[in-house]
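Colleague: If you scroll down you'll find the structure; I have some questions about it.
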Amino acid sequence: MSTNEFYSLRVNGRTHQVQDSWIGESLLYVLRERLGLPGTKGACEQGECGSCTVLMDDAAVCSCLVMAATAIHSEIVTVEGITTETTLTDVQQNFVNEGAVQCGFCTPGLIVAVHHLLEKNPNPTELEVKEAISGNICRCTGYGRVFAAVEATIRSRNSEK
Amino acid sequence: MAPSSTVTKSRDVLGTNALRPDGAQKVQGSFEFTSDMHAENMLWGATLRSPHPYARIVSIDTSAALALSGVKCVITASDVPGKLTYGLISSDQPVFAHEFVRYMGEPVAAVAADHPETCRRALALIKVAYEVLKPLTNPEDAISGSHDPIHPDGNVIRHQRIIRGDQAATGAVVVEGEYVIGMQDQAFLGLEAALAIPDPDGLGVHLHVATQWLHEDLSQISACLGLPAEKVRLTLGGVGGAFGAREDISLQVHCCLLALKTGRPIKMQYSREESFFGHVHRHPASIFMRHHADLNGKIIKIDARFVFDGGAYTSTSPAVLINGITHTQGPYKCDNATVDGYAVRTNNPPCGAMRGFGVVQACFAHESQMDKIAAAVGKSPVEIRLINAMATGDPLITGQIMESVAPVARCITETDAIPLPPSLDVNADELELPGGSGLTSSQSNIVRGIGWGVSMKNLMYSEGFDDFATARCTLKDGVASLKFATSEVGQGFVTLAPQIARSVLGVDDVLIEPIDTEIGSAGSTSASRQTWMSGGAVDGACRLVRERLFHHVGKIHNIDPLRLVIEGTDVVDQMGTFRISVADASDGIEISETFEHHHRKTDELDEHGQGNCHTAFAFVAHRAVVDVDPDLGLVKVVQIATAQDVGRVLNPLSAIGQLEGGIAQGLGLAVMEEIVMKDGKVRNPSFTDYLLPTALDAPDVVAVMIEEYEPQAPLGAKGIGEPPCISVTPAIVAAIRNATGKAIERIPVRPQDICL
Amino acid sequence: MTVIVAKELSTALAALREHADARLIQGGTDLMVEINFNHVKPTTMVSLRDVQSLRTIRQDSPGIMSIGSGVPYSVLEGEPVLSAIPALAQASRTVGSPQIRATGSLGGNLGTCSPAGDTLPVMFALDAMIHLSTLDSQRVVSIHDFMTGVKRNVRQHDEIITAIDFPIVQGWQGYSKVGVRNAMVISVASACLVADHKHADVRLALGSVGPTIIRCREAEAWLKSSQDLTAGQSISLDIAHEFGRRAADESSPIDDHRSTAQYRRHAISVLASRMLRKAYQ
Ligand SMILES: Cc1cc2nc3c(=O)[nH]c(=O)nc-3n(C[C@H](O)[C@H](O)[C@H](O)COP(=O)(O)OP(=O)(O)OC[C@H]3O[C@@H](n4cnc5c(N)ncnc54)[C@H](O)[C@@H]3O)c2cc1C
Ligand code: FES
Ligand code: FES
């Protein structure tokens, strides 16, 4: 490549060096191909599927639309960093329990989006849930089980209070 | 490899909500999809594609691309060492175009380089001189012969008639229509990907690939590589959905060729845009249907003509055609029929398998017709369907007798019994109205409609094809390991197979070995067949192992093995008190058995379209409730009620997932999904313009599973993958007609079809 | 060949001066698609993501809300914009998906200047003013002069759009967009209608039905001459339909893979008459 870019990114609480990258590389590409974090998926590279959703400074964004080299001042959290525990989060467990996972390609993006939603709005209405994940395309499930997983999480969080 | 080596622990036998063994990995992002794979010293591969639907290749100059730093090799048709073509039914599709390109997006060359961006730049440097030719894009021109053959095999891929009963039969009521179905894309989320690793000696290759049918890929690939089959090994990489789009070869041969040529591992992965060009789509079709009925609405005769646009290469067009025309009658009795069907070759993109396989198109036509008959004789959509509902023992228009359990009437009445949704709330959020977040309408603009669709779908392959499945079960120290080549594409066979083993063998721990070509074929993950076929194979292998275990226990404990049964996790003497856990019984021994499951034989159709061509059938009914903004032509699907004939529910969670997912795809075809073509060119190869249903488009789904044990099926269960997406489309369209009074005969329904 | 991640506006402006090839990037929701699809091969990039001064919403003078070019749509959907400029909040909420709205901005919508840009009709209906800065100068351009064609505007290479001034208008306003999906869809036709009770007039701007956003001056003038537009009036169906018809006449849509000119024209007439009736309900 004609450019040699050196920069560092903060991902999942760690600083990663990025070297020898091409300037136009998206955060999605850098996470997957340079930082060894393939949990974030890409299915369109144009913001239309949400598979690549990550948290960036506490906002859920499409990593395919972030130029990686511009994210040097940001805190990034990927599906790999959604929890520091080795066990599943309640959202993750409910996705499995409620059948929200089929091929699983949309799943990492949905997990990040749903965690983010429930962080910002612990008691979303059904419609708020739908709007919040309307940028995450799932081709397999038709969303029914995804809604069930979100509902189950809200229910269990509320009953713990 | 992704789906392998997963141990599940629990008494998750058949009938329970066993959870996916790969679920935890998938929610954590650690499940390895093929696109996540890497290999030491790996290069990237990329494909150069034709910008023209039809052209003669005058010359190809790869020198500038080869000279680019980072580029390791460039290959074209002249670098294919073996067979120059491949194909599922007819080997008519070139590995790389030679002489002619016949559709926009046809592969012309491939490169290997050190970075995907280098690949892109190299592709731009390959100079191909084309002599552009006038494309054949209208299927009728292929039939009439008004266009020169665009392929040595001619422009008609297959022509088949069905002639049944009294050809002169007429009815008091005659209704007809000309129905048009647009081109739908499978749009799986996990894009085509493969990693090819050449053998150290350069004489073979190991391909990790996301596919639906490892063994079929293997035979097509090895032929093109000019290698004996044993020099090519395939392992299933993690698959992100399939829906038919991974049944044909896409990047497999290219990837292997580049690996063999460079001597280095090659990774290939399509972009979304390339994916639209890289796999086959659902056939666009036009279907004329005329029904004769008596004054009661009973069908007397059907005349029909089907034209399926197969695009440039054969793929599975002949089989799609047969599926379409043999489902002309739908799930209804009919004694007389005249059907003429064509699958033709054009310079449009090749079309092949997609969930529903030819039946989707037929169903849209016959269900539209049923509503016309109902209107003509003054009956409701439910009444007309019940009057005509088929049952076990009825003859089909092919002369085949319906031998499957056929609870058509039950599907209809149980769907009808599902409560309708409450009427539109006066305070409904605008997001819930047609137009959604566009805030285009208010309450007062909305009209509600209800519509019906009922369908019949064949299961497994047809016309004499023996699509058997193989599985091996090994019991050792209380752990069963299962080996099969069944593609797990998301449907959940990796959940089901251990359930079967637990039920049959009384084990808890079940290991799934890597899914690869080291065992016999499992056939394709398509045609709703894997639960029946691979499920049958796993069941058979486990039963053989159980039999040997009983002999082993019987011998040691001096009990007639015929008295032994599995109870929970124990081997138990039915007539005595003896009991031993399977774990103890199998301690220190290893029992391994392989089983091939074959379905009953089927026949080819004769020239009158008569013959027992199908293996088995499943049925489903859908009732759609839609809200329509008639002035703007916008639609919101509110509720889908459905009752599906499933035989037996093996895993309720997986079953409902198949139903809801299929319904969303059928909804997509009804109101938004279409590959828009103009003069052979795809106009919308992206997710910006090829629209898929979002969470805000998803209807409420209320589903009933009709469990009538299917004696022909090894587990009593029918395939459930395809039916959900078939009749939901006509149900939605019928609901739109019901709301607006518009005679809509084309899908997807576009706003202008409603309001102009 | 480099990426400059500016924290101060001046850094970004200086970088633009220095690098003739520099491209600005804010949310990246337009530009990264171009890059991912190989349509743009960036050499020097100037990122505005971390320039906090572009992320402010101010109301310095009464009657004007000044919105920084980098404020993401997710902020524009809510207060204070929702109460002050509801049409802008509505338009913002229709942009893409939550992920797109988390980073997409007015600066980017203006920078791209697509006729389908959802906030542009709002700017046209409200006569918004665009603030542009260079290292050593500033100018303010009316939106009507800013957008000159499909993806074309008057911004010079060394200029950065810093803020957009929106007048706060008394009366109903709204934004409607027709798309074939209930969320995350590019508009096939859109309209912003503003009823200005103080001046007793109605303004209408249309998106996706011409090379630029279309302000329906003739329909507006006809309406003002045929109908009292002060608050509290009600609009007859006939007036509303005629207004819709005239608005559609002023549009100049085309056929493309998303829709047909005929449908677009029809949709405009429906949207315009519906919104007019709503405005005086
Ligand atoms: C999936 C998806 C859905 C979308 N849906 C919609 C939609 O529904 N409606 C809609 O209107 N748009 C939509 N867009 C387009 C896009 O989100 C918007 O145009 C958005 O406003 C762009 O803002 P940005 O900050 O991301 O722009 P960027 O991509 O960062 O920049 C876009 C252009 O503007 C220039 N630019 C950016 N900031 C400035 C500045 N301050 N001064 C001068 N030039 C500047 C850049 O150089 C670039 O040329 C969608 C995009 C995607 C990917
Ligand atoms: S890959 Fe980023 S949204 Fe699809
Ligand atoms: S599970 Fe396959 S795309 Fe969502």
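Chain labels A, B, ... are given in the sequence in which chains occur in the structure tokens; within each chain residues are numbered consecutively from 1, and ligands are likewise numbered from 1 in the order shown.
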Could I get the residues of chain C with an atom no further than 12 Å from an atom of ligand 2, each paired with its nearest atom pair and that distance in Å to one decimal, using only C-alpha atoms and all ligand atoms, sorted by chain and residue number, as a tab-separated table?
Modeller:
residue	atom	partner	partner_atom_place_in_ligand_line	distance
C:Gly28	CA	ligand 2	2 (Fe)	11.9
C:Thr29	CA	ligand 2	3 (S)	10.1
C:Met32	CA	ligand 2	2 (Fe)	10.3
C:Val33	CA	ligand 2	2 (Fe)	9.5
C:Asn36	CA	ligand 2	1 (S)	10.2
C:Gly96	CA	ligand 2	3 (S)	10.7
C:Ser97	CA	ligand 2	3 (S)	9.7
C:Pro98	CA	ligand 2	3 (S)	11.2
C:Gln99	CA	ligand 2	3 (S)	8.4
C:Ile100	CA	ligand 2	3 (S)	9.0
C:Met184	CA	ligand 2	3 (S)	11.5
Colleague: Using only C-alpha atoms and all ligand atoms, determine which residues fall within 10 Å of ligand 3, then list them as a ChimeraX atom specification.
Modeller: /A:43,49,51,99-110,136-143,145-146 /B:26,187-190,239-242,489-491,657,661
Colleague: If we count only C-alpha atoms, what is near stretch 128-132 of chain A at a cut-off of 9 Å, once residues fewer than 2 positions away on the same chain are taken out, given as a PyMOL selection string?
Modeller: (chain A and resi 113-114+117+124-126+134-136+147+150) or (chain B and resi 431+437+694-698) or (chain C and resi 97-99+183)
Colleague: Which residues, written as a ChimeraX atom specification, have at least one atom at most 9 Å from C:Leu54, with only C-alpha atoms counted and residues fewer than 2 positions away on the same chain left out?
Modeller: /C:9,48-52,56-57,67-71,161-163
Colleague: DSSP on the backbone, then: every residue of stretch 44-181 of chain C marked strand (DSSP E), written as an MDAnalysis selection string.
Modeller: chainID C and resid 44:47 57:58 64:68 129:133 138:142 147:149 152:153 160:167 173:178
Colleague: Counting only C-alpha atoms and all ligand atoms, which of B:Asp700, B:Asp689, B:Glu32, B:Glu513 gets nearest to ligand 1?
Modeller: B:Asp689
Colleague: Using only C-alpha atoms and all ligand atoms, which residues have at least one atom no more than 7 Å from ligand 1? Output them as a ChimeraX atom specification.
Modeller: /A:46-48 /B:688 /C:23-33,69-70,94-97,100,103-112,116-119,159-162,184-187
Colleague: Compare A:Ser159, A:Gln19, A:Asp90, A:Asp57 by their minimum atom-to-atom distance to A:His73, counting only C-alpha atoms, and give me the closest one.
Modeller: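 Of A:Ser159, A:Gln19, A:Asp90, A:Asp57, the one nearest A:His73, counting only C-alpha atoms, is A:Asp57.
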Colleague: I'd like the contact shell of A:Leu27 - 8 Å cut-off, only C-alpha atoms, skipping same-chain residues fewer than 2 positions apart - returned as a list in words.
Modeller: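 Neighbouring residues, sequence-local ones excluded: Glu25, Tyr29, Val30, Leu31, Ser63, Cys64, Leu65, Val66, Met67, Ala68 and Ala69 of chain A.
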Colleague: Take the selection from the previous step and output its residues with N, CA, C and O atoms, as a short mmCIF file (atom, residue, chain, number, x, y, z; two decimals), in the first residue's frame.
Modeller:
data_model
loop_
_atom_site.label_atom_id
_atom_site.label_comp_id
_atom_site.auth_asym_id
_atom_site.auth_seq_id
_atom_site.Cartn_x
_atom_site.Cartn_y
_atom_site.Cartn_z
N GLU A 25 -9.35 2.62 5.33
CA GLU A 25 -9.92 1.45 6.00
C GLU A 25 -10.97 1.82 7.03
O GLU A 25 -10.77 2.72 7.85
N TYR A 29 -13.14 -3.02 9.17
CA TYR A 29 -12.02 -3.75 8.58
C TYR A 29 -10.87 -3.85 9.58
O TYR A 29 -10.27 -4.92 9.76
N VAL A 30 -10.57 -2.74 10.21
CA VAL A 30 -9.43 -2.72 11.14
C VAL A 30 -9.69 -3.65 12.32
O VAL A 30 -8.81 -4.42 12.73
N LEU A 31 -10.89 -3.62 12.87
CA LEU A 31 -11.21 -4.51 13.99
C LEU A 31 -11.02 -5.96 13.57
O LEU A 31 -10.39 -6.75 14.26
N SER A 63 -19.76 0.31 12.39
CA SER A 63 -18.30 0.44 12.29
C SER A 63 -17.83 0.48 10.84
O SER A 63 -16.75 0.95 10.55
N CYS A 64 -18.67 0.03 9.91
CA CYS A 64 -18.28 0.10 8.51
C CYS A 64 -18.26 1.54 8.01
O CYS A 64 -17.67 1.83 6.98
N LEU A 65 -18.92 2.44 8.75
CA LEU A 65 -18.99 3.84 8.31
C LEU A 65 -18.08 4.75 9.14
O LEU A 65 -18.18 5.96 9.06
N VAL A 66 -17.25 4.14 9.95
CA VAL A 66 -16.29 4.93 10.71
C VAL A 66 -14.93 4.74 10.06
O VAL A 66 -14.48 3.60 9.88
N MET A 67 -14.31 5.83 9.67
CA MET A 67 -12.95 5.70 9.17
C MET A 67 -12.06 5.47 10.38
O MET A 67 -12.01 6.30 11.29
N ALA A 68 -11.42 4.32 10.40
CA ALA A 68 -10.73 3.90 11.63
C ALA A 68 -9.76 4.96 12.13
O ALA A 68 -9.69 5.25 13.32
N ALA A 69 -9.04 5.56 11.21
CA ALA A 69 -8.00 6.51 11.62
C ALA A 69 -8.57 7.78 12.23
O ALA A 69 -7.84 8.56 12.84
#
Colleague: Which residues are near B:Gly310? Cut-off 9 Å, only C-alpha atoms, ignore same chain within fewer than 5 positions. Put them as a PyMOL selection string.
Modeller: chain B and resi 139+157+283-284+315-318+343-346+348-352
Colleague: What does the distance between atom CA of B:Met533 and atom CA of B:Cys613 come to in Å, to one decimal place?
Modeller: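 According to the coordinates, atom CA of B:Met533 and atom CA of B:Cys613 are separated by 17.4 Å.
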Colleague: Using only C-alpha atoms, pick whichever of C:Ala248, C:Trp222, C:Gln227, C:Val5 has the shortest atom-to-atom distance to C:Tyr263.
Modeller: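 Using only C-alpha atoms, C:Tyr263 sits closest to C:Ala248.
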Colleague: Could you jot down the atom CA of B:Gln93 to atom CA of B:Tyr313 separation for me, Å, one decimal place?
Modeller: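 Those two atoms sit 5.8 Å apart.
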Colleague: What is the atom CA of C:Val270 to atom CA of B:Asn427 distance in Å?
Modeller: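 Interatomic distance, atom CA of C:Val270 to atom CA of B:Asn427: 22.3 Å.
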Colleague: When the cut-off is 8 Å and we count only C-alpha atoms, which residues of chain B are near chain C, given as a list in words?
Modeller: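 Residues passing the distance filter: Leu431, Pro434, Gly435, Gly436, Ser437, Gly438, Leu439, Thr440, Asp631, Leu632, Leu634, Lys636, Val671, Met672, Val676, Arg683, Asn684, Thr688, Asp689, Leu691, Pro693, Thr694, Leu696, Asp697, Arg750, Pro751, Gln752 and Leu756 of chain B.
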Colleague: Let me make sure I understand: among B:Tyr690, B:Tyr179, B:Trp213, B:Phe288, which one has the smallest atom-to-atom distance to chain A if we use only C-alpha atoms?
Modeller: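 Using only C-alpha atoms, chain A sits closest to B:Tyr690.
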Colleague: When DSSP is applied to the backbone of this structure, which of stretch 540-705 of chain B are assigned helix (DSSP H, G or I)? Write them out as JSON, numbers by chain.
Modeller: {"B": [540, 541, 542, 543, 544, 545, 546, 547, 548, 549, 550, 551, 552, 553, 554, 555, 556, 557, 561, 562, 563, 582, 583, 584, 585, 652, 653, 654, 655, 656, 657, 658, 659, 660, 661, 662, 663, 664, 665, 666, 667, 668, 669, 670, 671, 695, 696, 697]}
Colleague: Which residues are close to B:Thr594, i.e. within 9 Å by only C-alpha atoms, leaving aside same-chain residues fewer than 5 positions away? Reply as a PDB file with N, CA and C atoms, in the first residue's frame.
Modeller:
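The resulting part_10.pdb:
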ATOM      1  N   THR B 470     -26.312 -39.378   4.737  1.00  0.00           N
ATOM      2  CA  THR B 470     -25.466 -40.317   5.459  1.00  0.00           C
ATOM      3  C   THR B 470     -25.135 -39.759   6.844  1.00  0.00           C
ATOM      4  N   ALA B 471     -25.092 -40.632   7.831  1.00  0.00           N
ATOM      5  CA  ALA B 471     -24.623 -40.197   9.151  1.00  0.00           C
ATOM      6  C   ALA B 471     -23.949 -41.357   9.854  1.00  0.00           C
ATOM      7  N   ARG B 472     -23.024 -41.015  10.729  1.00  0.00           N
ATOM      8  CA  ARG B 472     -22.356 -42.030  11.533  1.00  0.00           C
ATOM      9  C   ARG B 472     -22.534 -41.670  12.992  1.00  0.00           C
ATOM     10  N   CYS B 473     -22.782 -42.684  13.792  1.00  0.00           N
ATOM     11  CA  CYS B 473     -22.875 -42.448  15.229  1.00  0.00           C
ATOM     12  C   CYS B 473     -21.851 -43.344  15.907  1.00  0.00           C
ATOM     13  N   THR B 474     -21.108 -42.760  16.814  1.00  0.00           N
ATOM     14  CA  THR B 474     -20.127 -43.532  17.563  1.00  0.00           C
ATOM     15  C   THR B 474     -20.408 -43.357  19.051  1.00  0.00           C
ATOM     16  N   LYS B 483     -21.338 -37.854  13.123  1.00  0.00           N
ATOM     17  CA  LYS B 483     -20.590 -37.366  11.969  1.00  0.00           C
ATOM     18  C   LYS B 483     -21.529 -37.336  10.780  1.00  0.00           C
ATOM     19  N   ALA B 537     -31.078 -40.219   8.814  1.00  0.00           N
ATOM     20  CA  ALA B 537     -29.777 -40.901   8.815  1.00  0.00           C
ATOM     21  C   ALA B 537     -29.194 -40.978  10.218  1.00  0.00           C
ATOM     22  N   VAL B 538     -29.285 -39.875  10.954  1.00  0.00           N
ATOM     23  CA  VAL B 538     -28.781 -39.875  12.334  1.00  0.00           C
ATOM     24  C   VAL B 538     -29.593 -40.862  13.164  1.00  0.00           C
ATOM     25  N   GLY B 540     -31.204 -43.462  12.120  1.00  0.00           N
ATOM     26  CA  GLY B 540     -30.861 -44.825  11.710  1.00  0.00           C
ATOM     27  C   GLY B 540     -29.531 -45.271  12.289  1.00  0.00           C
ATOM     28  N   ALA B 541     -28.538 -44.401  12.246  1.00  0.00           N
ATOM     29  CA  ALA B 541     -27.218 -44.750  12.784  1.00  0.00           C
ATOM     30  C   ALA B 541     -27.304 -44.979  14.284  1.00  0.00           C
ATOM     31  N   CYS B 542     -28.051 -44.133  14.962  1.00  0.00           N
ATOM     32  CA  CYS B 542     -28.186 -44.285  16.416  1.00  0.00           C
ATOM     33  C   CYS B 542     -28.919 -45.594  16.761  1.00  0.00           C
ATOM     34  N   LEU B 544     -28.891 -48.352  15.000  1.00  0.00           N
ATOM     35  CA  LEU B 544     -27.957 -49.468  14.797  1.00  0.00           C
ATOM     36  C   LEU B 544     -27.005 -49.586  15.985  1.00  0.00           C
ATOM     37  N   VAL B 545     -26.550 -48.448  16.460  1.00  0.00           N
ATOM     38  CA  VAL B 545     -25.645 -48.458  17.615  1.00  0.00           C
ATOM     39  C   VAL B 545     -26.379 -49.010  18.839  1.00  0.00           C
TER      40      VAL B 545
END
